[in-house]
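*Asks:* As input, take upload_38.txt (compact mmCIF, C-alpha atoms):
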```txt
# COMPACT_ATOMS: atom_id res chain seq x y z
CA MET A 1 -73.22 3.54 -13.46
CA CYS A 2 -72.97 0.34 -15.49
CA ALA A 3 -71.46 2.14 -18.49
CA SER A 4 -68.92 3.89 -16.27
CA PHE A 5 -67.87 0.64 -14.58
CA ARG A 6 -67.62 -1.17 -17.91
CA ARG A 7 -65.51 1.63 -19.40
CA THR A 8 -63.25 1.61 -16.35
CA ALA A 9 -63.02 -2.19 -16.40
CA ARG A 10 -62.00 -2.17 -20.08
CA ALA A 11 -59.32 0.49 -19.52
CA LEU A 12 -58.01 -1.22 -16.39
CA THR A 13 -57.97 -4.64 -18.03
CA SER A 14 -56.05 -3.22 -20.98
CA PHE A 15 -53.52 -1.66 -18.59
CA TYR A 16 -52.95 -5.00 -16.82
CA GLU A 17 -52.96 -7.00 -20.08
CA GLU A 18 -50.17 -4.86 -21.51
CA ALA A 19 -47.99 -5.45 -18.45
CA LEU A 20 -48.81 -9.17 -18.33
CA ARG A 21 -48.24 -9.84 -22.05
CA PRO A 22 -44.61 -11.05 -21.59
CA THR A 23 -45.75 -13.59 -18.96
CA GLY A 24 -48.13 -15.37 -21.32
CA LEU A 25 -51.09 -14.86 -18.98
CA ARG A 26 -54.20 -12.78 -19.43
CA ALA A 27 -55.57 -10.79 -16.50
CA THR A 28 -58.59 -13.10 -16.15
CA GLN A 29 -56.36 -16.17 -16.14
CA LEU A 30 -54.10 -14.71 -13.46
CA THR A 31 -57.11 -13.73 -11.36
CA ILE A 32 -58.34 -17.34 -11.46
CA LEU A 33 -54.92 -18.64 -10.41
CA GLN A 34 -54.85 -16.11 -7.57
CA ALA A 35 -58.34 -17.13 -6.41
CA LEU A 36 -57.44 -20.83 -6.45
CA SER A 37 -54.23 -20.10 -4.55
CA ARG A 38 -56.25 -18.44 -1.80
CA ALA A 39 -59.30 -20.72 -1.81
CA GLY A 40 -57.61 -24.11 -2.11
CA GLU A 41 -59.80 -26.77 -3.69
CA VAL A 42 -63.23 -25.42 -4.66
CA SER A 43 -66.08 -26.34 -6.93
CA GLN A 44 -66.37 -24.53 -10.22
CA GLY A 45 -69.64 -23.00 -9.01
CA ARG A 46 -68.00 -21.65 -5.87
CA LEU A 47 -65.08 -20.27 -7.88
CA GLY A 48 -67.53 -18.50 -10.18
CA GLY A 49 -69.19 -16.99 -7.11
CA ILE A 50 -65.88 -15.83 -5.65
CA LEU A 51 -64.99 -14.13 -8.93
CA ALA A 52 -68.54 -12.98 -9.82
CA MET A 53 -67.87 -14.64 -13.17
CA ASP A 54 -70.45 -16.24 -15.46
CA SER A 55 -70.25 -19.99 -16.00
CA THR A 56 -69.56 -19.83 -19.74
CA SER A 57 -66.57 -17.48 -19.42
CA LEU A 58 -65.21 -19.40 -16.45
CA THR A 59 -65.52 -22.77 -18.23
CA ARG A 60 -63.76 -21.42 -21.33
CA THR A 61 -60.90 -19.89 -19.32
CA LEU A 62 -60.51 -22.95 -17.08
CA ALA A 63 -60.17 -25.17 -20.17
CA ILE A 64 -57.15 -23.10 -21.26
CA LEU A 65 -55.63 -23.20 -17.78
CA ARG A 66 -56.11 -26.98 -17.53
CA ARG A 67 -54.56 -27.56 -20.98
CA ARG A 68 -51.51 -25.57 -19.89
CA GLY A 69 -51.28 -27.63 -16.71
CA TRP A 70 -51.93 -24.73 -14.34
CA VAL A 71 -55.23 -25.97 -12.88
CA ALA A 72 -55.99 -29.50 -11.72
CA GLU A 73 -59.51 -30.90 -11.60
CA ARG A 74 -61.17 -33.89 -10.00
CA ARG A 75 -64.73 -35.08 -9.72
CA GLY A 76 -66.56 -34.57 -6.44
CA LYS A 77 -68.88 -37.00 -4.67
CA ASP A 78 -71.60 -35.98 -7.07
CA LEU A 79 -70.20 -36.89 -10.50
CA ARG A 80 -71.47 -33.57 -11.89
CA GLU A 81 -69.34 -31.62 -9.41
CA ARG A 82 -65.89 -30.56 -10.54
CA LEU A 83 -63.38 -29.62 -7.86
CA LEU A 84 -60.57 -27.34 -8.95
CA ARG A 85 -57.23 -26.52 -7.42
CA LEU A 86 -54.03 -24.80 -8.41
CA SER A 87 -51.56 -27.35 -9.80
CA ARG A 88 -47.84 -27.29 -9.09
CA GLY A 89 -47.29 -25.76 -12.52
CA GLY A 90 -49.97 -23.18 -11.78
CA ALA A 91 -48.35 -22.28 -8.48
CA ALA A 92 -45.01 -21.83 -10.25
CA LYS A 93 -46.60 -19.69 -12.98
CA LEU A 94 -48.35 -17.59 -10.34
CA LYS A 95 -45.10 -17.12 -8.42
CA ARG A 96 -43.28 -15.96 -11.59
CA THR A 97 -46.10 -13.63 -12.62
CA THR A 98 -46.95 -12.07 -9.24
CA PRO A 99 -44.10 -9.50 -9.35
CA VAL A 100 -45.47 -8.13 -12.63
CA TRP A 101 -48.98 -7.92 -11.14
CA ASP A 102 -47.63 -6.30 -7.99
CA GLY A 103 -45.80 -3.73 -10.09
CA VAL A 104 -49.00 -2.72 -11.88
CA GLN A 105 -50.82 -2.54 -8.54
CA ALA A 106 -48.06 -0.35 -7.07
CA ARG A 107 -48.14 2.05 -10.05
CA LEU A 108 -51.91 2.43 -9.80
CA SER A 109 -51.80 2.81 -6.03
CA ALA A 110 -49.13 5.50 -6.31
CA LYS A 111 -51.23 7.44 -8.83
CA LEU A 112 -54.41 7.17 -6.73
CA GLY A 113 -52.72 7.64 -3.38
CA GLU A 114 -53.24 5.29 -0.45
CA ARG A 115 -56.57 6.83 0.53
CA GLY A 116 -57.90 6.81 -3.04
CA TRP A 117 -56.76 3.21 -3.54
CA LYS A 118 -58.46 2.03 -0.35
CA ASN A 119 -61.65 3.97 -1.08
CA LEU A 120 -61.86 2.64 -4.62
CA LEU A 121 -61.30 -0.93 -3.46
CA ARG A 122 -63.92 -0.55 -0.73
CA LEU A 123 -66.49 0.92 -3.13
CA THR A 124 -65.96 -1.66 -5.86
CA ASN A 125 -66.27 -4.49 -3.34
CA GLN A 126 -69.40 -2.89 -1.92
CA VAL A 127 -71.03 -2.62 -5.35
CA THR A 128 -70.06 -6.21 -6.21
CA ASP A 129 -71.51 -7.49 -2.95
CA LEU A 130 -74.74 -5.57 -3.48
CA VAL A 131 -75.46 -6.95 -6.93
CA ALA A 132 -73.65 -10.30 -7.18
CA ASP A 133 -74.84 -11.94 -3.97
CA LYS A 134 -78.45 -10.97 -4.49
CA GLY A 135 -78.75 -11.77 -8.18
CA GLY A 136 -79.07 -8.10 -9.00
CA ALA A 137 -82.10 -7.50 -6.77
CA LEU A 138 -81.44 -4.30 -4.85
```
Could you write out this file's structure as C-alpha cells?

*Replies:*
Amino acid sequence: MCASFRRTARALTSFYEEALRPTGLRATQLTILQALSRAGEVSQGRLGGILAMDSTSLTRTLAILRRRGWVAERRGKDLRERLLRLSRGGAAKLKRTTPVWDGVQARLSAKLGERGWKNLLRLTNQVTDLVADKGGAL
C-alpha cells in the first residue's frame, strides 16, 4: 500500500509541478498557501498537522515562502511558538496561481469521472486520517 501511494504521489506531484512551473510555485508551496488561506493564522505545528507534513520539510518550505514575502510570521505568547498567516503578497500569488491549479484538478476529474474523483478523495482522506492522527497506530 505504501509503495503504491508513494508511486501515485510522485506521478501526481510531477503532473502538478509541470503545470505550475510557469507560476514559479511548487505544488508543496501552493498547498501551504492554500492551507493558510483557509486556516487563517495558525501555529507551525498546527499547519504541519493540517498538511500531515513533517516539521523539517515544512520549516524548509516556509523559509522559502517567507523570503518571497508570501507568508508572514509572528511570535505567539510563548516565544517558541510561531504563528503563520498568508501575507498580502501570498494572497495575490495564490489568486494568480489558483486558475492553473483548478485547470489541473478539472483535467484529472474529467479523466476519473465525478464518481471516481469523489471516491478517490474520500479514500485518500480516510487513509490520511487513520494514520496521521494516531501516529501510525492502527

*Asks:* Rank nothing, just name the residue among A:Gln34, A:Thr124, A:Gln44, A:Thr61 nearest to Thr98 of chain A, using only C-alpha atoms.

*Replies:* A:Gln34

*Asks:* Just want the 7 Å neighbourhood of Glu73 of chain A, counted on only C-alpha atoms, with same-chain residues fewer than 4 positions away dropped. Output as a VMD selection string.

*Replies:* chain A and resid 82 to 85

*Asks:* Deliver the residues from the most recent selection as a file, using C-alpha atoms, as a PDB file, in the coordinates of the input.

*Replies:*
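The result, stored in again-v4.pdb:
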```pdb
ATOM      1  CA  ARG A  82     -65.890 -30.560 -10.540  1.00  0.00           C
ATOM      2  CA  LEU A  83     -63.380 -29.620  -7.860  1.00  0.00           C
ATOM      3  CA  LEU A  84     -60.570 -27.340  -8.950  1.00  0.00           C
ATOM      4  CA  ARG A  85     -57.230 -26.520  -7.420  1.00  0.00           C
TER       5      ARG A  85
END
```

*Asks:* Hey, which of A:Ala63, A:Val104, A:Leu33, A:Leu25 ends up closest to Ser87 of chain A? Count all atoms listed in the file.

*Replies:*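 Of the candidates, the smallest distance to Ser87 of chain A is held by A:Leu33.
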
*Asks:* Compile a residue-level contact table for segment 27-134 of chain A against segment 4-10 of chain A at a cut-off of 12 Å, reporting for every qualifying residue the shortest atom pair and its distance in Å to one decimal, with only C-alpha atoms counted, rows ordered by chain and ascending number, as JSON lines.

*Replies:*
```
{"residue": "A:Ala27", "atom": "CA", "partner": "A:Arg10", "partner_atom": "CA", "distance": 11.3}
{"residue": "A:Thr28", "atom": "CA", "partner": "A:Ala9", "partner_atom": "CA", "distance": 11.8}
{"residue": "A:Leu120", "atom": "CA", "partner": "A:Phe5", "partner_atom": "CA", "distance": 11.8}
{"residue": "A:Leu123", "atom": "CA", "partner": "A:Phe5", "partner_atom": "CA", "distance": 11.5}
{"residue": "A:Thr124", "atom": "CA", "partner": "A:Phe5", "partner_atom": "CA", "distance": 9.2}
{"residue": "A:Val127", "atom": "CA", "partner": "A:Phe5", "partner_atom": "CA", "distance": 10.3}
{"residue": "A:Thr128", "atom": "CA", "partner": "A:Phe5", "partner_atom": "CA", "distance": 11.0}
```

*Asks:* Interatomic distance between atom CA of Val71 of chain A and atom CA of Ile50 of chain A?

*Replies:*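 Atom CA of Ile50 of chain A lies 16.4 Å from atom CA of Val71 of chain A.
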